[in-house]
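Here is the structure we will look at, set down as structure tokens.
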Amino acid sequence: MDLAVEPERLAEGLWFVVADFEDPAHGGRARAWRFADHDAPGDDLTARVTPSGREGSWRGPHPDTWRSSLSRDEYQAAVAAVRHAVHEGDVYQANICRVLTAPLPADDREPDARALARILAAGNPAPYAGAIHVPAASGIEPVWVVTASPELFLRLEGGVLSSGPIKGTAATADGLREKDRTENVMITDLVRNDLQRVSEPGSVEVTDLLAVEAHPGLVHLVSRVQGRVQVAQDAPGGLWGQVLAATFPPASVSGAPKSSALRIISELERGPRGPYCGAVGWVDGDTGEAELAVGIRTFWWSDDELRFGTGAGITWGSDPVEEWEETELKAARLVALASGEAAAD
């Protein structure tokens, strides 16, 4: 089902969602599927991992075959360009990303997405981990996405719509900088503004600001924003059409102001992000509940290549070398696991 065409269908049944970062005008797709057979949302993937933490049916790419859409020099030049745009008053922050790719031929069958998900669940547990795989042979729109996302894009529960933007990453809490805190506050305010567009007046609040969250190999600064959802019954696209129009793409992986950041991203990045920085998760129209992750720490497979995105938020206080190193930190553990290497703790 194409969410750009009929998002109102999410009002009934359990749907699994993958939305690209790019909008349809720029080649992006936002899709949802219903499955006769699936793991329930929130199931513990680690319960099905082999004792060694390895899944025999997963054969990842060779570690030396990964390549980046932007070289170190190109990425650092992009950071400098964003800093110039900040200086000129065009933008306050923009998230600049690069996509890593490695050959992963399918042979006579597609790679096992669930097998990779189990490896990641054992080696890099994440609160919004999951996998969605619709084989090309199924006769319907295919998809192959495995995520170990630590970031909540949207949760709907009891009529409350919440989000948990991440901004600020370091190897340890001592490594977090004032720039990280400033950036987090900036993006949290943008999320607050997004939620206000589909919430009861006066109900939007920041419930947690600049919390330090530990994840395997790194820490993040995380804030929490919520509001009581309110959308007109006859609104075009129904509830989810309005919610996605107000909030997508996620603020933390675009920038502020969002429109200016998206323009700069399109000028500086090489190629689409696809489901990376988009949304991955589920919507249950029957219960009025949903949980969508920001598609970071996410692998996707197509055209015999495995892909993985990594990026960083750029502000006036950014140092090009440090921002490149942050993208390396975010990618290192996950790429090692997908390549069959032990991840360093």
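FYI, nothing fancy with the structure tokens labels: chains A, B, ... in order, residues from 1 per chain, ligands from 1 as they appear.
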Gly340 in chain A: which residues within 8 Å, counting only C-alpha atoms, same-chain residues fewer than 4 positions away excluded, as a list of chain:residue names?
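With the cut-off at 8 Å, the set is A:Arg59, A:Gly60, A:Ala336.
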Hey, what's within 6 Å of range 324-333 of chain A if we count only C-alpha atoms and toss same-chain stuff fewer than 3 positions away? As an NGL selection string, please?
:A and (310-311 or 321 or 336 or 343)
So which bits of range 143-260 of chain A end up helix (DSSP H, G or I) when you DSSP the backbone, as an NGL selection string?
:A and (173-175 or 178-196 or 238-247 or 251-253 or 258-260)
Let me make sure I understand: among A:Ile96, A:Val146, A:Leu190, A:Leu244, which one has the smallest atom-to-atom distance to Pro257 in chain A if we use only C-alpha atoms?
A:Leu190
With a cut-off of 8 Å, could you pull out the residues of range 240-307 of chain A touching range 10-31 of chain A and give me the nearest pair of atoms for each, distance in Å to one decimal, using only C-alpha atoms, ordered by chain and ascending number, as CSV?
residue,atom,partner,partner_atom,distance
A:Trp240,CA,A:Leu10,CA,7.0
A:Pro249,CA,A:Phe21,CA,6.0
A:Pro272,CA,A:Glu22,CA,7.0
A:Arg273,CA,A:Phe21,CA,6.2
A:Gly274,CA,A:Asp20,CA,4.6
A:Pro275,CA,A:Asp20,CA,4.1
A:Tyr276,CA,A:Phe21,CA,6.6
A:Cys277,CA,A:Phe21,CA,5.5
A:Gly278,CA,A:Phe21,CA,4.1
A:Ala279,CA,A:Ala19,CA,5.0
A:Val280,CA,A:Val18,CA,4.7
A:Gly281,CA,A:Val17,CA,5.3
A:Trp282,CA,A:Phe16,CA,4.4
A:Val283,CA,A:Trp15,CA,5.2
A:Asp284,CA,A:Leu14,CA,4.2
A:Gly285,CA,A:Ala11,CA,4.2
A:Asp286,CA,A:Glu12,CA,5.3
A:Gly288,CA,A:Ala11,CA,7.9
A:Leu292,CA,A:Val17,CA,7.9
Could you save those same residues with all heavy atoms as a compact mmCIF listing (two decimals), in the first residue's frame?
# COMPACT_ATOMS: atom_id res chain seq x y z
N TRP A 240 -3.35 9.43 9.99
CA TRP A 240 -1.93 9.25 9.66
C TRP A 240 -1.50 10.09 8.49
O TRP A 240 -0.33 10.48 8.39
CB TRP A 240 -1.64 7.76 9.46
CG TRP A 240 -1.53 7.10 10.78
CD1 TRP A 240 -2.47 6.32 11.40
CD2 TRP A 240 -0.45 7.23 11.71
NE1 TRP A 240 -2.04 5.95 12.65
CE2 TRP A 240 -0.79 6.48 12.86
CE3 TRP A 240 0.77 7.89 11.67
CZ2 TRP A 240 0.05 6.39 13.97
CZ3 TRP A 240 1.62 7.80 12.77
CH2 TRP A 240 1.25 7.06 13.89
N PRO A 249 9.98 14.48 6.95
CA PRO A 249 10.89 13.51 7.56
C PRO A 249 11.24 13.90 8.99
O PRO A 249 11.06 15.05 9.38
CB PRO A 249 12.11 13.56 6.64
CG PRO A 249 12.10 14.94 6.07
CD PRO A 249 10.65 15.28 5.90
N PRO A 272 20.26 9.11 -3.03
CA PRO A 272 19.19 9.09 -2.03
C PRO A 272 19.57 8.32 -0.78
O PRO A 272 20.41 7.42 -0.81
CB PRO A 272 18.05 8.39 -2.78
CG PRO A 272 18.75 7.50 -3.76
CD PRO A 272 19.97 8.26 -4.20
N ARG A 273 18.93 8.66 0.32
CA ARG A 273 19.11 7.92 1.56
C ARG A 273 18.23 6.67 1.60
O ARG A 273 18.53 5.72 2.34
CB ARG A 273 18.75 8.80 2.75
CG ARG A 273 19.65 10.01 2.94
CD ARG A 273 19.26 10.77 4.19
NE ARG A 273 20.03 12.01 4.36
CZ ARG A 273 19.88 12.83 5.39
NH1 ARG A 273 18.99 12.57 6.34
NH2 ARG A 273 20.61 13.93 5.47
N GLY A 274 17.11 6.67 0.88
CA GLY A 274 16.19 5.54 0.95
C GLY A 274 15.59 5.41 2.33
O GLY A 274 15.25 6.41 2.97
N PRO A 275 15.44 4.18 2.85
CA PRO A 275 14.83 4.01 4.17
C PRO A 275 15.71 4.52 5.31
O PRO A 275 15.20 4.73 6.43
CB PRO A 275 14.62 2.50 4.28
CG PRO A 275 15.56 1.90 3.30
CD PRO A 275 15.70 2.90 2.19
N TYR A 276 16.99 4.72 5.06
CA TYR A 276 17.85 5.32 6.07
C TYR A 276 17.37 6.75 6.35
O TYR A 276 17.18 7.54 5.42
CB TYR A 276 19.30 5.32 5.60
CG TYR A 276 20.23 6.14 6.46
CD1 TYR A 276 20.40 5.85 7.81
CD2 TYR A 276 20.92 7.22 5.94
CE1 TYR A 276 21.23 6.60 8.60
CE2 TYR A 276 21.76 7.98 6.72
CZ TYR A 276 21.91 7.67 8.06
OH TYR A 276 22.74 8.43 8.85
N CYS A 277 17.16 7.06 7.61
CA CYS A 277 16.63 8.34 8.07
C CYS A 277 15.15 8.51 7.77
O CYS A 277 14.59 9.58 8.02
CB CYS A 277 17.41 9.53 7.49
SG CYS A 277 19.08 9.67 8.14
N GLY A 278 14.51 7.48 7.22
CA GLY A 278 13.07 7.50 7.05
C GLY A 278 12.39 6.97 8.29
O GLY A 278 12.73 7.35 9.42
N ALA A 279 11.42 6.08 8.10
CA ALA A 279 10.68 5.52 9.24
C ALA A 279 10.47 4.03 9.01
O ALA A 279 10.19 3.59 7.89
CB ALA A 279 9.34 6.22 9.40
N VAL A 280 10.60 3.26 10.09
CA VAL A 280 10.39 1.81 10.06
C VAL A 280 9.60 1.44 11.31
O VAL A 280 9.97 1.83 12.42
CB VAL A 280 11.72 1.04 10.05
CG1 VAL A 280 11.47 -0.47 9.99
CG2 VAL A 280 12.61 1.48 8.90
N GLY A 281 8.51 0.70 11.14
CA GLY A 281 7.75 0.29 12.33
C GLY A 281 6.38 -0.23 11.98
O GLY A 281 6.18 -0.83 10.92
N TRP A 282 5.42 0.00 12.87
CA TRP A 282 4.09 -0.58 12.69
C TRP A 282 3.02 0.40 13.17
O TRP A 282 3.24 1.26 14.01
CB TRP A 282 3.96 -1.90 13.46
CG TRP A 282 4.29 -1.79 14.93
CD1 TRP A 282 5.52 -1.93 15.52
CD2 TRP A 282 3.37 -1.49 15.99
NE1 TRP A 282 5.43 -1.73 16.88
CE2 TRP A 282 4.12 -1.47 17.20
CE3 TRP A 282 1.99 -1.26 16.04
CZ2 TRP A 282 3.53 -1.23 18.44
CZ3 TRP A 282 1.40 -1.00 17.28
CH2 TRP A 282 2.18 -1.00 18.46
N VAL A 283 1.85 0.23 12.56
CA VAL A 283 0.66 1.00 12.93
C VAL A 283 -0.50 0.02 13.06
O VAL A 283 -0.78 -0.74 12.12
CB VAL A 283 0.31 2.07 11.87
CG1 VAL A 283 -1.01 2.77 12.22
CG2 VAL A 283 1.43 3.09 11.75
N ASP A 284 -1.16 0.02 14.21
CA ASP A 284 -2.32 -0.83 14.43
C ASP A 284 -3.56 0.05 14.50
O ASP A 284 -3.84 0.68 15.53
CB ASP A 284 -2.15 -1.63 15.72
CG ASP A 284 -3.19 -2.74 15.86
OD1 ASP A 284 -4.28 -2.60 15.26
OD2 ASP A 284 -2.92 -3.73 16.57
N GLY A 285 -4.28 0.11 13.39
CA GLY A 285 -5.46 0.95 13.34
C GLY A 285 -6.57 0.46 14.23
O GLY A 285 -7.40 1.26 14.70
N ASP A 286 -6.63 -0.85 14.50
CA ASP A 286 -7.70 -1.41 15.32
C ASP A 286 -7.56 -1.01 16.79
O ASP A 286 -8.56 -0.79 17.48
CB ASP A 286 -7.72 -2.93 15.20
CG ASP A 286 -8.06 -3.40 13.79
OD1 ASP A 286 -8.72 -2.63 13.06
OD2 ASP A 286 -7.67 -4.53 13.43
N GLY A 288 -5.53 1.63 17.77
CA GLY A 288 -5.14 3.03 17.88
C GLY A 288 -3.75 3.21 18.43
O GLY A 288 -3.45 4.22 19.07
N LEU A 292 6.86 3.91 15.39
CA LEU A 292 7.73 4.07 14.23
C LEU A 292 9.09 4.55 14.70
O LEU A 292 9.19 5.53 15.45
CB LEU A 292 7.14 5.09 13.25
CG LEU A 292 5.78 4.75 12.64
CD1 LEU A 292 5.27 5.93 11.82
CD2 LEU A 292 5.84 3.49 11.79
Enumerate, in order of chain and increasing residue number, the residues of range 13-127 of chain A with an atom no farther than 10 Å from range 212-235 of chain A, each with its shortest atom pair and distance in Å to one decimal, counting only C-alpha atoms, as CSV.
residue,atom,partner,partner_atom,distance
A:Gly123,CA,A:Pro216,CA,8.2
A:Asn124,CA,A:Pro216,CA,5.9
A:Pro125,CA,A:Pro216,CA,7.4
A:Ala126,CA,A:His215,CA,7.5
A:Pro127,CA,A:His215,CA,9.6
Selection file, C-alpha atoms, as a short mmCIF file (atom, residue, chain, number, x, y, z; two decimals), in the first residue's frame:
data_model
loop_
_atom_site.label_atom_id
_atom_site.label_comp_id
_atom_site.auth_asym_id
_atom_site.auth_seq_id
_atom_site.Cartn_x
_atom_site.Cartn_y
_atom_site.Cartn_z
CA GLY A 123 25.57 -7.92 19.28
CA ASN A 124 23.89 -4.52 19.33
CA PRO A 125 20.57 -4.59 21.22
CA ALA A 126 18.38 -1.62 20.31
CA PRO A 127 14.97 -0.51 21.58
#
Quick one: of A:Gly159, A:Gly175, A:Gly168, A:Gly238, who's nearest to Ser199 in chain A, counting only C-alpha atoms?
A:Gly159
